[in-house]
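A.B. asks: protein.cif is the file, holding mmCIF, C-alpha atoms:
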data_coords
loop_
_atom_site.group_PDB
_atom_site.id
_atom_site.type_symbol
_atom_site.label_atom_id
_atom_site.label_comp_id
_atom_site.auth_asym_id
_atom_site.auth_seq_id
_atom_site.Cartn_x
_atom_site.Cartn_y
_atom_site.Cartn_z
ATOM 1 C CA MET G 295 12.530 -13.777 51.545
ATOM 2 C CA ASP G 296 10.559 -12.484 48.578
ATOM 3 C CA VAL G 297 6.898 -12.390 49.691
ATOM 4 C CA LEU G 298 5.146 -11.858 53.007
ATOM 5 C CA GLY G 299 4.335 -15.528 53.385
ATOM 6 C CA ASP G 300 8.059 -16.258 53.680
ATOM 7 C CA LEU G 301 7.982 -14.552 57.093
ATOM 8 C CA VAL G 302 5.563 -17.178 58.431
ATOM 9 C CA ALA G 303 7.045 -20.226 56.719
ATOM 10 C CA ARG G 304 7.504 -23.464 58.658
ATOM 11 C CA ALA G 305 11.231 -22.876 59.170
ATOM 12 C CA ARG G 306 10.523 -19.659 61.117
ATOM 13 C CA ARG G 307 8.579 -21.354 63.913
ATOM 14 C CA SER G 308 10.196 -21.021 67.330
ATOM 15 C CA ASP G 309 9.444 -20.250 70.962
ATOM 16 C CA ALA G 310 10.464 -16.579 70.560
ATOM 17 C CA PRO G 311 7.659 -13.998 70.961
ATOM 18 C CA ALA G 312 6.191 -12.781 67.663
ATOM 19 C CA LEU G 313 3.025 -10.895 68.611
ATOM 20 C CA ARG G 314 1.794 -9.462 71.883
ATOM 21 C CA ALA G 315 -1.625 -7.827 72.094
ATOM 22 C CA GLY G 316 -2.509 -6.829 75.634
ATOM 23 C CA ASP G 317 -2.455 -10.064 77.654
ATOM 24 C CA HIS G 318 -2.316 -12.301 74.555
ATOM 25 C CA GLU G 319 1.069 -13.482 73.326
ATOM 26 C CA PHE G 320 1.943 -15.593 70.295
ATOM 27 C CA ASP G 321 5.343 -17.176 69.910
ATOM 28 C CA TYR G 322 6.572 -17.717 66.353
ATOM 29 C CA ARG G 323 5.349 -21.318 66.373
ATOM 30 C CA ARG G 324 1.789 -20.316 67.229
ATOM 31 C CA PHE G 325 1.927 -17.150 65.123
ATOM 32 C CA CYS G 326 2.914 -19.008 61.958
ATOM 33 C CA THR G 327 0.445 -21.840 62.505
ATOM 34 C CA THR G 328 -2.429 -19.462 63.252
ATOM 35 C CA THR G 329 -1.810 -17.389 60.116
ATOM 36 C CA TRP G 330 -1.985 -20.610 58.113
ATOM 37 C CA LYS G 331 -5.297 -21.435 59.773
ATOM 38 C CA VAL G 332 -6.661 -17.965 59.003
ATOM 39 C CA GLY G 333 -5.621 -18.294 55.362
ATOM 40 C CA ASN G 334 -7.314 -21.676 55.069
ATOM 41 C CA LEU G 335 -10.458 -20.351 56.749
ATOM 42 C CA MET G 336 -10.588 -17.379 54.374
ATOM 43 C CA ARG G 337 -10.295 -19.683 51.394
ATOM 44 C CA HIS G 338 -12.823 -22.279 52.553
ATOM 45 C CA TYR G 339 -15.453 -20.106 54.255
ATOM 46 C CA LEU G 340 -15.115 -16.739 52.521
ATOM 47 C CA GLY G 341 -13.953 -17.619 49.012
ATOM 48 C CA VAL G 342 -10.776 -15.555 49.273
ATOM 49 C CA ARG G 343 -8.171 -16.231 46.603
ATOM 50 C CA ALA G 344 -5.374 -14.504 44.747
ATOM 51 C CA GLY G 345 -6.292 -11.070 43.437
ATOM 52 C CA VAL G 346 -9.546 -10.584 45.379
ATOM 53 C CA GLU G 347 -9.501 -7.887 48.041
ATOM 54 C CA VAL G 348 -9.854 -8.414 51.773
ATOM 55 C CA ALA G 349 -10.859 -5.397 53.870
ATOM 56 C CA ILE G 350 -9.831 -5.342 57.534
ATOM 57 C CA ASP G 351 -10.963 -2.998 60.279
ATOM 58 C CA PRO G 352 -7.914 -0.805 61.052
ATOM 59 C CA ALA G 353 -8.190 -1.122 64.831
ATOM 60 C CA PRO G 354 -4.958 -2.591 66.259
ATOM 61 C CA ALA G 355 -6.253 -6.044 67.175
ATOM 62 C CA ARG G 356 -4.466 -9.384 67.091
ATOM 63 C CA GLN G 357 -7.181 -10.741 64.786
ATOM 64 C CA ALA G 358 -6.422 -7.949 62.305
ATOM 65 C CA VAL G 359 -2.707 -8.834 62.281
ATOM 66 C CA LEU G 360 -3.389 -12.547 61.818
ATOM 67 C CA SER G 361 -5.912 -11.779 59.048
ATOM 68 C CA PHE G 362 -3.405 -9.549 57.243
ATOM 69 C CA TYR G 363 -0.857 -12.356 57.134
ATOM 70 C CA GLY G 364 -3.501 -14.982 56.354
ATOM 71 C CA ALA G 365 -4.830 -13.035 53.373
ATOM 72 C CA ALA G 366 -1.287 -12.413 52.126
ATOM 73 C CA LEU G 367 -0.639 -16.166 52.108
ATOM 74 C CA LEU G 368 -3.451 -16.514 49.555
ATOM 75 C CA GLY G 369 -2.284 -13.606 47.376
ATOM 76 C CA ALA G 370 -5.279 -11.469 48.380
ATOM 77 C CA PRO G 371 -4.452 -7.746 48.672
ATOM 78 C CA VAL G 372 -5.513 -6.144 51.955
ATOM 79 C CA ARG G 373 -7.092 -2.767 52.583
ATOM 80 C CA PHE G 374 -7.294 -1.526 56.184
ATOM 81 C CA THR G 375 -10.550 0.414 56.223
ATOM 82 C CA HIS G 376 -13.979 0.781 57.809
ATOM 83 C CA ASP G 377 -15.551 0.734 54.335
ATOM 84 C CA PRO G 378 -15.571 -2.745 52.756
ATOM 85 C CA GLY G 379 -16.632 -1.462 49.343
ATOM 86 C CA GLU G 380 -16.614 -4.429 46.942
ATOM 87 C CA ALA G 381 -14.140 -6.507 48.955
ATOM 88 C CA ARG G 382 -14.645 -10.272 48.912
ATOM 89 C CA ALA G 383 -14.339 -10.387 52.706
ATOM 90 C CA TYR G 384 -14.421 -7.958 55.595
ATOM 91 C CA VAL G 385 -12.792 -8.686 58.961
ATOM 92 C CA GLY G 386 -13.836 -6.664 61.974
ATOM 93 C CA PRO G 387 -15.221 -6.676 65.523
ATOM 94 C CA THR G 388 -18.725 -8.070 65.932
ATOM 95 C CA SER G 389 -19.798 -4.895 67.713
ATOM 96 C CA ASP G 390 -18.951 -2.667 64.741
ATOM 97 C CA LEU G 391 -19.631 -4.593 61.544
ATOM 98 C CA PRO G 392 -20.669 -2.480 58.542
ATOM 99 C CA GLU G 393 -23.484 -3.112 56.121
ATOM 100 C CA VAL G 394 -22.126 -5.088 53.186
ATOM 101 C CA GLY G 395 -23.363 -6.062 49.760
ATOM 102 C CA PRO G 396 -24.152 -9.634 48.700
ATOM 103 C CA ALA G 397 -20.651 -10.152 47.278
ATOM 104 C CA THR G 398 -18.911 -9.486 50.613
ATOM 105 C CA LYS G 399 -18.702 -12.031 53.413
ATOM 106 C CA LEU G 400 -18.086 -11.096 57.042
ATOM 107 C CA LEU G 401 -15.526 -12.529 59.446
ATOM 108 C CA ALA G 402 -16.203 -11.206 62.956
ATOM 109 C CA TYR G 403 -14.129 -11.344 66.116
ATOM 110 C CA GLY G 404 -14.838 -10.546 69.752
ATOM 111 C CA GLU G 405 -18.432 -11.222 70.744
ATOM 112 C CA THR G 406 -20.272 -14.159 69.187
ATOM 113 C CA PRO G 407 -22.328 -12.835 66.244
ATOM 114 C CA ASP G 408 -26.091 -13.395 66.285
ATOM 115 C CA ASP G 409 -26.269 -13.628 62.493
ATOM 116 C CA PRO G 410 -25.482 -17.215 61.392
ATOM 117 C CA SER G 411 -24.255 -15.926 58.013
ATOM 118 C CA VAL G 412 -21.333 -14.188 59.757
ATOM 119 C CA THR G 413 -18.261 -16.385 60.247
ATOM 120 C CA TYR G 414 -16.976 -16.210 63.826
ATOM 121 C CA PHE G 415 -13.189 -15.844 64.010
ATOM 122 C CA GLU G 416 -12.664 -17.265 67.501
ATOM 123 C CA ARG G 417 -14.707 -20.388 66.784
ATOM 124 C CA GLU G 418 -13.631 -21.254 63.255
ATOM 125 C CA VAL G 419 -9.940 -20.324 63.200
ATOM 126 C CA TRP G 420 -8.976 -22.592 66.066
ATOM 127 C CA SER G 421 -10.630 -25.626 64.460
ATOM 128 C CA GLU G 422 -9.195 -24.935 60.992
ATOM 129 C CA ASN G 423 -6.547 -27.072 59.277
ATOM 130 C CA PRO G 424 -3.066 -26.062 60.583
ATOM 131 C CA THR G 425 -1.272 -26.568 57.272
ATOM 132 C CA GLU G 426 0.644 -23.948 55.313
ATOM 133 C CA PRO G 427 -1.248 -22.692 52.216
ATOM 134 C CA THR G 428 0.533 -23.576 48.988
ATOM 135 C CA GLU G 429 -0.517 -20.691 46.731
ATOM 136 C CA ARG G 430 2.238 -19.329 44.494
ATOM 137 C CA ILE G 431 2.725 -15.626 45.174
ATOM 138 C CA ALA G 432 5.095 -13.370 43.221
ATOM 139 C CA PRO G 433 6.970 -10.335 44.585
ATOM 140 C CA ASP G 434 5.094 -8.095 42.147
ATOM 141 C CA ASP G 435 1.683 -9.218 43.402
ATOM 142 C CA PRO G 436 -0.242 -6.569 45.388
ATOM 143 C CA LEU G 437 -0.107 -6.831 49.172
ATOM 144 C CA LEU G 438 -1.532 -3.551 50.490
ATOM 145 C CA ARG G 439 -4.015 -1.134 48.987
ATOM 146 C CA ALA G 440 -4.554 2.374 50.302
ATOM 147 C CA VAL G 441 -6.099 5.568 48.978
ATOM 148 C CA GLU G 442 -2.815 6.883 47.671
ATOM 149 C CA ARG G 443 -1.110 3.730 46.396
ATOM 150 C CA THR G 444 -0.807 -0.034 46.113
ATOM 151 C CA VAL G 445 2.219 -1.748 47.671
ATOM 152 C CA SER G 446 3.443 -5.094 46.351
ATOM 153 C CA HIS G 447 4.921 -7.917 48.405
ATOM 154 C CA GLY G 448 8.381 -7.101 47.113
ATOM 155 C CA GLU G 449 8.049 -3.394 47.839
ATOM 156 C CA ALA G 450 6.817 -4.049 51.374
ATOM 157 C CA LEU G 451 9.690 -6.397 52.157
ATOM 158 C CA ALA G 452 12.265 -4.018 50.669
ATOM 159 C CA ALA G 453 10.861 -1.185 52.791
ATOM 160 C CA ALA G 454 10.822 -3.432 55.871
ATOM 161 C CA ARG G 455 14.465 -4.366 55.298
ATOM 162 C CA ALA G 456 15.336 -0.684 55.187
ATOM 163 C CA VAL G 457 13.550 -0.133 58.518
ATOM 164 C CA VAL G 458 15.345 -3.099 60.093
ATOM 165 C CA SER G 459 18.691 -1.807 58.887
ATOM 166 C CA GLU G 460 18.180 1.861 59.768
ATOM 167 C CA TYR G 461 16.879 1.234 63.287
ATOM 168 C CA GLY G 462 18.821 -1.911 64.101
ATOM 169 C CA LEU G 463 15.770 -4.080 64.799
ATOM 170 C CA ALA G 464 16.708 -7.507 66.132
ATOM 171 C CA SER G 465 15.212 -10.655 67.628
ATOM 172 C CA ASP G 466 14.875 -9.027 71.046
ATOM 173 C CA THR G 467 13.237 -5.821 69.747
ATOM 174 C CA ARG G 468 9.631 -4.980 70.592
ATOM 175 C CA VAL G 469 7.975 -2.568 68.158
ATOM 176 C CA ALA G 470 4.828 -0.890 69.483
ATOM 177 C CA LEU G 471 2.242 -0.011 66.867
ATOM 178 C CA ARG G 472 0.842 3.427 67.717
ATOM 179 C CA ALA G 473 -0.089 4.679 64.231
ATOM 180 C CA PRO G 474 -3.243 3.935 62.179
ATOM 181 C CA LEU G 475 -3.080 0.823 60.026
ATOM 182 C CA THR G 476 -4.701 2.820 57.235
ATOM 183 C CA SER G 477 -1.142 4.044 56.534
ATOM 184 C CA PRO G 478 0.943 1.556 54.487
ATOM 185 C CA GLY G 479 4.012 2.833 56.317
ATOM 186 C CA ALA G 480 2.502 1.856 59.661
ATOM 187 C CA VAL G 481 1.781 -1.649 58.360
ATOM 188 C CA VAL G 482 5.294 -2.079 56.985
ATOM 189 C CA ALA G 483 7.098 -0.616 60.010
ATOM 190 C CA GLY G 484 4.747 -2.001 62.663
ATOM 191 C CA LEU G 485 3.651 -5.401 61.346
ATOM 192 C CA VAL G 486 6.251 -6.482 58.775
ATOM 193 C CA ALA G 487 9.638 -5.142 59.881
ATOM 194 C CA PRO G 488 9.561 -6.615 63.425
ATOM 195 C CA VAL G 489 8.641 -10.066 62.088
ATOM 196 C CA LEU G 490 11.309 -9.837 59.394
ATOM 197 C CA ALA G 491 13.847 -9.158 62.152
ATOM 198 C CA GLY G 492 12.520 -12.015 64.294
ATOM 199 C CA GLY G 493 11.347 -9.512 66.900
ATOM 200 C CA THR G 494 7.959 -8.786 68.434
ATOM 201 C CA VAL G 495 4.956 -6.847 67.165
ATOM 202 C CA LEU G 496 3.437 -5.109 70.195
ATOM 203 C CA LEU G 497 -0.154 -3.908 70.210
ATOM 204 C CA PRO G 498 0.264 -2.225 73.574
ATOM 205 C CA GLY G 499 -2.207 -2.446 76.395
ATOM 206 C CA GLU G 500 -2.323 -0.046 79.305
ATOM 207 C CA GLY G 501 1.135 0.581 80.717
ATOM 208 C CA GLN G 502 2.919 -1.539 78.097
ATOM 209 C CA ARG G 503 5.893 -0.126 76.218
ATOM 210 C CA GLY G 504 8.119 -1.334 73.445
ATOM 211 C CA ASP G 505 11.650 -0.468 72.409
ATOM 212 C CA PHE G 506 10.371 1.495 69.416
ATOM 213 C CA ALA G 507 7.068 3.167 68.619
ATOM 214 C CA VAL G 508 5.603 3.369 65.146
ATOM 215 C CA GLY G 509 3.917 6.737 65.560
ATOM 216 C CA ASP G 510 3.771 8.797 68.738
ATOM 217 C CA GLY G 511 4.234 6.956 72.013
ATOM 218 C CA PRO G 512 6.217 6.747 75.242
ATOM 219 C CA GLU G 513 8.890 4.524 73.711
ATOM 220 C CA PRO G 514 12.478 5.858 73.715
ATOM 221 C CA ARG G 515 12.767 5.710 69.916
ATOM 222 C CA VAL G 516 10.228 6.449 67.191
ATOM 223 C CA ILE G 517 9.880 5.072 63.663
ATOM 224 C CA ASP G 518 8.096 7.539 61.402
ATOM 225 C CA PRO G 519 5.534 5.551 59.383
ATOM 226 C CA GLY G 520 5.504 8.287 56.762
ATOM 227 C CA SER G 521 9.090 7.509 55.853
ATOM 228 C CA ALA G 522 8.758 3.705 55.870
ATOM 229 C CA VAL G 523 7.170 3.325 52.423
#
Please, can you express the file's structure as structure tokens?
C.D. replies:
Amino acid sequence: MDVLGDLVARARRSDAPALRAGDHEFDYRRFCTTTWKVGNLMRHYLGVRAGVEVAIDPAPARQAVLSFYGAALLGAPVRFTHDPGEARAYVGPTSDLPEVGPATKLLAYGETPDDPSVTYFEREVWSENPTEPTERIAPDDPLLRAVERTVSHGEALAAARAVVSEYGLASDTRVALRAPLTSPGAVVAGLVAPVLAGGTVLLPGEGQRGDFAVGDGPEPRVIDPGSAV
């Protein structure tokens, strides 16, 4: 596996749990297919393509996780931020969308947006084409952008492999994301490493616990996001 898209390739589809966000659960079959749909939606509706930035609200929402993987399938680097800047697209909750310039298109989730120029995640993703995007992505292509650095696909996967190895993540491991997605280490340890291991990304609701926490939480073991990348 050389790029993030390899983690959601057709061969990885199964009935095992991949993502749980509160009461919503995606098995690997649905998780892979939905990331393909998100990628296709971003290309067709928002004009996302290789090299253009996608900004995503850093709140730990299932739509943010699916958008991260969908953008990566197209070769579009992702920045988790509240400030879209000059990004080609911004993904965030309808209730907290920022003002954007004419070059940035909005993809909103949650409540139905009143503005017809805003693409509505829940309506459009589910009707999108469920086929795997065919863009050619290289390990050196940028995956994550943050204030302090840019992380390539290859670097993210190498760091995720190190997390899997050090902590013994496996197919029955649930990793609870409890650190801000603005940290590349939190993204790698919380969103990439569990999927690489065939385990579950947990965006915990009230009373839910994983086997590991990325950041501070009630879980018995903690993965320090600062050491992941």
A.B. asks: Give me the residues within 10 Å of Phe362 in chain G as a list in words, counting all atoms listed in the file and dropping any in the same chain fewer than 3 places off.
C.D. replies: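 With the cut-off at 10 Å, the set is Leu298, Thr329, Val332, Gly333, Val348, Ala349, Ile350, Arg356, Gln357, Ala358, Val359, Ala365, Ala366, Leu367, Ala370, Pro371, Val372, Arg373, Phe374, Val385, Leu437, Leu438, Val481 and Leu485 of chain G.
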A.B. asks: Output C-alpha atoms for every residue in that selection, as a short mmCIF file (atom, residue, chain, number, x, y, z; two decimals), in the coordinates of the input.
C.D. replies:
data_model
loop_
_atom_site.label_atom_id
_atom_site.label_comp_id
_atom_site.auth_asym_id
_atom_site.auth_seq_id
_atom_site.Cartn_x
_atom_site.Cartn_y
_atom_site.Cartn_z
CA LEU G 298 5.15 -11.86 53.01
CA THR G 329 -1.81 -17.39 60.12
CA VAL G 332 -6.66 -17.96 59.00
CA GLY G 333 -5.62 -18.29 55.36
CA VAL G 348 -9.85 -8.41 51.77
CA ALA G 349 -10.86 -5.40 53.87
CA ILE G 350 -9.83 -5.34 57.53
CA ARG G 356 -4.47 -9.38 67.09
CA GLN G 357 -7.18 -10.74 64.79
CA ALA G 358 -6.42 -7.95 62.30
CA VAL G 359 -2.71 -8.83 62.28
CA ALA G 365 -4.83 -13.04 53.37
CA ALA G 366 -1.29 -12.41 52.13
CA LEU G 367 -0.64 -16.17 52.11
CA ALA G 370 -5.28 -11.47 48.38
CA PRO G 371 -4.45 -7.75 48.67
CA VAL G 372 -5.51 -6.14 51.96
CA ARG G 373 -7.09 -2.77 52.58
CA PHE G 374 -7.29 -1.53 56.18
CA VAL G 385 -12.79 -8.69 58.96
CA LEU G 437 -0.11 -6.83 49.17
CA LEU G 438 -1.53 -3.55 50.49
CA VAL G 481 1.78 -1.65 58.36
CA LEU G 485 3.65 -5.40 61.35
#
A.B. asks: Using all atoms listed in the file, which of G:Ala464, G:Val346, G:Ala383, G:Val419 sits nearest Trp330 in chain G?
C.D. replies: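 Of the candidates, the smallest distance to Trp330 in chain G is held by G:Val419.
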A.B. asks: So, with all atoms listed in the file as the atoms that count, which of G:Glu393, G:Asp351, G:Glu460, G:Asp408 lies closest to Ile517 in chain G?
C.D. replies: G:Glu460
A.B. asks: Can you sort out the box for range 396-408 of chain G, edges along x, y and z, all listed atoms in, 3 Å on every side, with centre and edge lengths in Å to one decimal, as lines of an AutoDock Vina configuration file?
C.D. replies:
center_x = -20.1
center_y = -11.8
center_z = 59.0
size_x = 18.0
size_y = 10.7
size_z = 29.5
A.B. asks: What separation in Å, quoted to one decimal, exists between CA of Val441 in chain G and CA of Leu391 in chain G?
C.D. replies: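 CA of Val441 in chain G sits 21.1 Å away from CA of Leu391 in chain G.
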A.B. asks: What does the distance from CA of Thr388 in chain G to CA of Trp420 in chain G come to in Å, to one decimal?
C.D. replies: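 These atoms are spaced 17.5 Å apart.
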A.B. asks: Considering all atoms listed in the file, can you say which of G:Arg306, G:Lys331, G:Lys399, G:Arg324 comes closest to Glu347 in chain G?
C.D. replies: G:Lys399
